[in-house]
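*Asks:* Attaching a single structure in structure tokens format; questions to follow.
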Amino acid sequence: MSDALKHECGIAQIRLLKPLEFYKEKYGSAFYGVNKMYLMMEKQHNRGQDGAGFASIKLDTTPGERYISRVRSIAQQPIQDIFGQINDRINKELSEHPEYADDVEAQKKNIPYIGEVLLGHVRYGTFGKNSVESVHPFLRQNNWMHRNLIVAGNFNMTNVNQLFDGLVRLGQHPKEKADTITIMEKIGHFLDDAVSKVYKKLKQEGYSKHECSPLIAERLNIAKILKKSSKNWDGGYAMAGLLGHGDAFVLRDPAGIRPAYYYKDDEVVVVASERPVIQTVFNVPFEEVKELEPGHAIITKKSGEVSIKQIIEPLERKACSFERIYFSRGSDAEIYQERKELGKLLMPKVLKSINNDTQNTVFSYIPNTAETSFFGMIETVEKHLNEKKTQAILDGNGMLSAERVTEILSERPRIEKVAIKDVKLRTFITEDSSRDDLVAHVYDVTYGVIKPNDNLVIIDDSIVRGTTLKKSIIKMMDRLNPKKIVVVSSAPQIRYPDCYGIDMARLEDLIAFRAMLELLKENNKYHLVEEVYNKCKAQVDLEDKDVHNFVKDLYDVFTDEEISDKISELISDDTVSAKVETIFQSVENLHKACPKNLGDWYFTGNYPTAGGNRVVNRAFINFYEGNKERAY
Ligand SMILES: O=P(O)(O)OC[C@H]1O[C@H](OP(=O)(O)OP(=O)(O)O)[C@H](O)[C@@H]1O
């Protein structure tokens, strides 16, 4: 699967429960759904900037009328691009047919995109081809309305090859080995099957062919189709789908790895990857947006009936913590507090590193995501200073002059915006090939705020490959001549590949892995690499559940601090004059800060599904053999 595509993305689904006339009447436009979808996708642009797609379905059309519209783009600003296209088309129709203006029925009949069921997707394709064909939603067309399937997901399966072979065993001949096609064909297979069965049953009951169609829509059991389709999926997913006649669903993986939230009232049913998106776009309070439980699906039938059904037995909840640290927008009420807490929990180690010398230390952050943890960090510095001030005043035994007390009280943490980010892009989720160049040019530095004897503490949310620091930040910071640069990471050391949707690249790309290898070399223990390789090779043919993560044994040779120190060396070089120190969050404190998202496999190597151990095993073999292929 070297050219596989990944889908660390955002999804949005809207079902309008009332006739379109209602929205025209109440909100002034029958394009209400399209407008809301635009906002929902725009507010999730943090989840994907390489592509965007939109699909909609019109309910109850007459045969011969088009009822599915889809538009996808990989333009530079893909969301704007697709809605630009949609708006142009709508405006063209409206200007050519002024009579449509107040006629919702004519609008629905003649203008594409307008519909009652809508699906949106923002995508980042971290490797492989980034062509428009790989952008979701995917479409499986059929002349039978019920068999039309539209799928968009935020997912990554660890066992696409096995799933593909499963399809072939079913007698299918899939046109591609890409994971979205495989997943869609799997659902499609059981959908076809279900439609045929319901149809047969209806015929037996004496209904005519024509009468069957609406009854099939009613009787199709989506939960059952999803149960059969997802039986062997191993991965992280929030999978959204629409059926041609108007049923809609979103299914979440059994460990709750990928996020999904929903809201419903008597006008709409909405599902999105992030909670605040729904809060803002539909103006609803936090408590009314619910999290979709792991292993469950939200199913909205064409009739408007909504149900939440358990599809798969939930596993131990391991929601992805990297969603909280970096991927999701920090505007979520819980995520915001969690990010602050991450900053706070790092402070004891930071104070130790600067010898409590807050007077000669400037605190700053690497934009943008780390800004929130920075606030948390500063609150803790203020607390520390208050304790120091109180002590100084108490030590004065009431004998201090007013000037001295003012002087004591006036000490504040020195905070500055030292690093500036020149573009709005997120570099981590930018396609691999163009990333290095982007990282090297995207940041700039503020001059004149650091004195030669200062420490500079700079917090980032995560250090993955270390390129942001090495190619850009450290060199720029060093030009300001600080005595010491303390790089603080909200996330623990990223040691293992992710295989559930956040692309943490190959093992050897991870700076923590490279640091560990360096240490093995320096300590004459590099033979352990071969030993682990042999162990990995020996378990290639085992069943996933029997595979063990032996890469952990290599990290276990060293303490976290030894690896952090080596990372400090790797991100600086001879040209850097300041002393560089790196401080990482501990896994324990990460769990304290983000108690609902305990998924930590990229930090600990503890994968929540059996397929994870196979992936890390393969990743290590690939590294050892110099094979550049992805492990999943
Ligand atoms: O160690 P590296 O492999 O270089 O990756 C880590 C960097 O990537 C992310 O920045 P990004 O530009 O994606 O996003 P942000 O502006 O939201 O922080 C993250 O915030 C780190 O700064």
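In the structure tokens, the first chain shown is A, the next is B, and so on; residue numbers restart at 1 for each chain, and ligands run from 1 in the order shown.
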Could you give me, as an MDAnalysis selection string, the residues within 7 Å of segment 507-521 of chain A, counting only C-alpha atoms and dropping anything in the same chain fewer than 3 positions from it?
*Replies:* chainID A and resid 464:466 493:497 524:526 555 563 566:567 619:620 623
*Asks:* Kindly export the residues of the current selection with all heavy atoms, as a compact mmCIF listing (two decimals), in the first residue's frame.
*Replies:*
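Everything below was put into again-v2.txt:
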# COMPACT_ATOMS: atom_id res chain seq x y z
N VAL A 464 7.42 16.36 16.37
CA VAL A 464 7.19 15.09 15.71
C VAL A 464 8.47 14.66 14.99
O VAL A 464 9.23 13.84 15.48
CB VAL A 464 6.01 15.19 14.70
CG1 VAL A 464 5.64 13.80 14.17
CG2 VAL A 464 4.80 15.84 15.34
N ARG A 465 8.75 15.29 13.86
CA ARG A 465 9.98 15.01 13.15
C ARG A 465 11.11 15.91 13.61
O ARG A 465 12.27 15.67 13.34
CB ARG A 465 9.77 15.21 11.65
CG ARG A 465 8.84 14.20 11.06
CD ARG A 465 8.10 14.73 9.87
NE ARG A 465 7.00 15.57 10.29
CZ ARG A 465 5.85 15.71 9.62
NH1 ARG A 465 5.69 15.09 8.49
NH2 ARG A 465 4.89 16.47 10.09
N GLY A 466 10.74 17.01 14.26
CA GLY A 466 11.75 17.94 14.74
C GLY A 466 12.15 18.96 13.69
O GLY A 466 12.98 19.83 13.94
N GLN A 493 7.04 12.55 24.16
CA GLN A 493 7.84 12.18 22.98
C GLN A 493 7.02 11.27 22.06
O GLN A 493 6.47 10.28 22.51
CB GLN A 493 9.08 11.40 23.42
CG GLN A 493 10.08 12.23 24.19
CD GLN A 493 11.10 11.37 24.91
OE1 GLN A 493 11.13 10.15 24.78
NE2 GLN A 493 11.95 12.02 25.70
N ILE A 494 6.99 11.60 20.79
CA ILE A 494 6.25 10.78 19.83
C ILE A 494 7.19 9.68 19.33
O ILE A 494 8.15 9.95 18.61
CB ILE A 494 5.70 11.65 18.69
CG1 ILE A 494 4.64 12.59 19.30
CG2 ILE A 494 5.09 10.79 17.57
CD1 ILE A 494 4.14 13.65 18.40
N ARG A 495 6.93 8.45 19.78
CA ARG A 495 7.89 7.37 19.57
C ARG A 495 7.46 6.32 18.55
O ARG A 495 8.28 5.55 18.07
CB ARG A 495 8.11 6.65 20.91
CG ARG A 495 8.72 7.54 21.96
CD ARG A 495 8.87 6.78 23.27
NE ARG A 495 9.77 7.49 24.17
CZ ARG A 495 10.30 6.95 25.25
NH1 ARG A 495 9.99 5.70 25.58
NH2 ARG A 495 11.12 7.65 26.02
N TYR A 496 6.16 6.24 18.31
CA TYR A 496 5.64 5.15 17.47
C TYR A 496 4.73 5.73 16.39
O TYR A 496 4.10 6.76 16.61
CB TYR A 496 4.85 4.16 18.32
CG TYR A 496 5.64 3.59 19.47
CD1 TYR A 496 5.61 4.21 20.72
CD2 TYR A 496 6.43 2.46 19.29
CE1 TYR A 496 6.36 3.70 21.77
CE2 TYR A 496 7.17 1.95 20.34
CZ TYR A 496 7.13 2.57 21.60
OH TYR A 496 7.87 2.06 22.63
N PRO A 497 4.61 5.02 15.27
CA PRO A 497 3.73 5.54 14.22
C PRO A 497 2.26 5.48 14.64
O PRO A 497 1.89 4.61 15.44
CB PRO A 497 3.96 4.60 13.05
CG PRO A 497 4.56 3.36 13.62
CD PRO A 497 5.26 3.75 14.88
N ASN A 524 27.25 1.52 22.47
CA ASN A 524 27.62 0.20 21.94
C ASN A 524 26.52 -0.84 22.12
O ASN A 524 26.78 -1.98 22.49
CB ASN A 524 28.92 -0.32 22.60
CG ASN A 524 30.09 0.50 22.15
OD1 ASN A 524 30.13 0.93 20.99
ND2 ASN A 524 31.02 0.77 23.07
N LYS A 525 25.31 -0.42 21.91
CA LYS A 525 24.20 -1.38 22.07
C LYS A 525 23.39 -1.51 20.77
O LYS A 525 22.25 -1.96 20.79
CB LYS A 525 23.28 -0.90 23.19
CG LYS A 525 23.91 -1.05 24.56
CD LYS A 525 22.94 -0.71 25.66
CE LYS A 525 23.61 -1.01 27.00
NZ LYS A 525 22.97 -0.34 28.09
N TYR A 526 23.99 -1.11 19.68
CA TYR A 526 23.23 -1.09 18.43
C TYR A 526 22.84 -2.51 17.98
O TYR A 526 21.88 -2.68 17.22
CB TYR A 526 24.01 -0.36 17.33
CG TYR A 526 23.08 0.18 16.26
CD1 TYR A 526 22.32 1.32 16.48
CD2 TYR A 526 22.92 -0.49 15.03
CE1 TYR A 526 21.45 1.81 15.52
CE2 TYR A 526 22.05 -0.01 14.07
CZ TYR A 526 21.32 1.14 14.31
OH TYR A 526 20.44 1.62 13.36
N TYR A 555 13.40 1.41 23.37
CA TYR A 555 13.24 2.66 24.14
C TYR A 555 13.52 2.41 25.62
O TYR A 555 14.04 3.27 26.32
CB TYR A 555 11.82 3.21 23.97
CG TYR A 555 11.57 3.88 22.64
CD1 TYR A 555 10.74 3.31 21.69
CD2 TYR A 555 12.15 5.13 22.36
CE1 TYR A 555 10.48 3.95 20.47
CE2 TYR A 555 11.90 5.76 21.14
CZ TYR A 555 11.07 5.17 20.20
OH TYR A 555 10.83 5.81 19.01
N ILE A 563 16.66 10.43 26.42
CA ILE A 563 16.18 10.61 25.03
C ILE A 563 15.91 12.09 24.76
O ILE A 563 16.27 12.62 23.70
CB ILE A 563 14.94 9.72 24.78
CG1 ILE A 563 15.37 8.25 24.87
CG2 ILE A 563 14.30 10.02 23.42
CD1 ILE A 563 14.28 7.23 24.75
N LYS A 566 19.14 13.82 24.04
CA LYS A 566 19.65 13.52 22.70
C LYS A 566 18.85 14.30 21.65
O LYS A 566 19.42 14.82 20.68
CB LYS A 566 19.57 12.00 22.47
CG LYS A 566 20.19 11.48 21.21
CD LYS A 566 21.57 12.02 20.87
CE LYS A 566 22.67 11.39 21.71
NZ LYS A 566 24.00 11.99 21.41
N ILE A 567 17.54 14.43 21.87
CA ILE A 567 16.72 15.21 20.93
C ILE A 567 17.23 16.66 20.90
O ILE A 567 17.37 17.26 19.84
CB ILE A 567 15.23 15.15 21.32
CG1 ILE A 567 14.68 13.74 21.09
CG2 ILE A 567 14.39 16.17 20.53
CD1 ILE A 567 13.24 13.50 21.54
N ALA A 619 6.48 -1.48 10.54
CA ALA A 619 7.22 -0.21 10.44
C ALA A 619 8.69 -0.44 10.82
O ALA A 619 9.60 0.10 10.19
CB ALA A 619 6.60 0.84 11.35
N PHE A 620 8.91 -1.26 11.84
CA PHE A 620 10.30 -1.50 12.25
C PHE A 620 11.04 -2.32 11.20
O PHE A 620 12.19 -2.03 10.87
CB PHE A 620 10.35 -2.20 13.62
CG PHE A 620 11.73 -2.20 14.19
CD1 PHE A 620 12.24 -1.07 14.81
CD2 PHE A 620 12.57 -3.30 14.04
CE1 PHE A 620 13.55 -1.03 15.29
CE2 PHE A 620 13.87 -3.28 14.51
CZ PHE A 620 14.36 -2.15 15.15
N PHE A 623 11.92 -0.07 8.40
CA PHE A 623 13.06 0.80 8.75
C PHE A 623 14.36 0.02 8.61
O PHE A 623 15.31 0.47 7.97
CB PHE A 623 12.89 1.32 10.19
CG PHE A 623 14.19 1.47 10.92
CD1 PHE A 623 15.06 2.50 10.58
CD2 PHE A 623 14.56 0.56 11.91
CE1 PHE A 623 16.29 2.62 11.23
CE2 PHE A 623 15.79 0.67 12.55
CZ PHE A 623 16.65 1.70 12.21
*Asks:* Could you list the protein, DNA and RNA residues that have any atom within 6 Å of ligand 1, counting only C-alpha atoms and all ligand atoms, and write them as a ChimeraX atom specification?
*Replies:* /A:367-369,426-429,460-468
*Asks:* Which is closer to Lys537 of chain A than all the others in A:Trp601, A:Phe322, A:Tyr113, A:Tyr624, using only C-alpha atoms?
*Replies:*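 Using only C-alpha atoms, Lys537 of chain A sits closest to A:Tyr624.
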*Asks:* What lies within 6 Å of His245 of chain A using only C-alpha atoms, ignoring chain neighbours under 2 positions off, as JSON, numbers by chain?
*Replies:* {"A": [145, 146, 243]}
*Asks:* Suppose we keep C-alpha atoms; can you now write the selection as a PDB file, in the first residue's frame?
*Replies:*
ATOM      1  CA  MET A 145     -32.127   4.620  -5.990  1.00  0.00           C
ATOM      2  CA  HIS A 146     -31.603   2.664  -2.774  1.00  0.00           C
ATOM      3  CA  LEU A 243     -28.112   6.367   0.541  1.00  0.00           C
TER       4      LEU A 243
END
*Asks:* Extract, using only C-alpha atoms, all DNA, RNA and protein residues at most 10 Å from Tyr336 of chain A, discarding same-chain residues fewer than 5 positions from it, and format them as an mmCIF file with C-alpha atoms, in the first residue's frame.
*Replies:*
data_model
loop_
_atom_site.group_PDB
_atom_site.id
_atom_site.type_symbol
_atom_site.label_atom_id
_atom_site.label_comp_id
_atom_site.auth_asym_id
_atom_site.auth_seq_id
_atom_site.Cartn_x
_atom_site.Cartn_y
_atom_site.Cartn_z
ATOM 1 C CA ARG A 324 -6.806 17.355 22.091
ATOM 2 C CA ILE A 325 -3.157 18.386 21.918
ATOM 3 C CA ARG A 329 -9.622 23.488 17.182
ATOM 4 C CA GLY A 330 -8.900 24.849 20.626
ATOM 5 C CA SER A 331 -12.213 26.693 20.772
ATOM 6 C CA GLU A 341 -3.560 22.299 31.870
ATOM 7 C CA THR A 372 -3.333 27.952 24.675
ATOM 8 C CA SER A 373 -0.808 25.818 26.590
ATOM 9 C CA GLY A 376 -1.585 27.794 31.114
#
*Asks:* Write out as a tab-separated table (two decimals) with N, CA and C atoms, in the first residue's frame the residues lying within 9 Å of Lys36 of chain A, counting only C-alpha atoms and excluding same-chain residues fewer than 3 positions away.
*Replies:*
chain	number	residue	atom	x	y	z
A	14	ILE	N	-25.54	16.98	7.41
A	14	ILE	CA	-26.74	17.72	7.81
A	14	ILE	C	-27.94	17.02	7.20
A	31	PHE	N	-31.68	27.50	0.44
A	31	PHE	CA	-30.29	27.04	0.41
A	31	PHE	C	-29.68	27.01	1.81
A	32	TYR	N	-30.55	27.07	2.80
A	32	TYR	CA	-30.15	27.05	4.20
A	32	TYR	C	-29.12	25.94	4.47
A	33	GLY	N	-29.43	24.72	4.02
A	33	GLY	CA	-28.55	23.58	4.28
A	33	GLY	C	-27.17	23.78	3.64
A	39	LEU	N	-20.35	26.72	6.29
A	39	LEU	CA	-19.79	27.15	7.57
A	39	LEU	C	-19.16	25.97	8.33
A	40	MET	N	-19.87	24.84	8.31
A	40	MET	CA	-19.34	23.69	9.06
A	40	MET	C	-18.01	23.22	8.51
A	41	MET	N	-17.88	23.28	7.19
A	41	MET	CA	-16.61	22.84	6.60
A	41	MET	C	-15.52	23.87	6.85
A	281	VAL	N	-22.22	27.03	14.45
A	281	VAL	CA	-23.00	27.12	13.22
A	281	VAL	C	-24.51	27.06	13.50
A	282	PHE	N	-24.89	26.31	14.53
A	282	PHE	CA	-26.33	26.21	14.82
A	282	PHE	C	-26.72	26.94	16.10
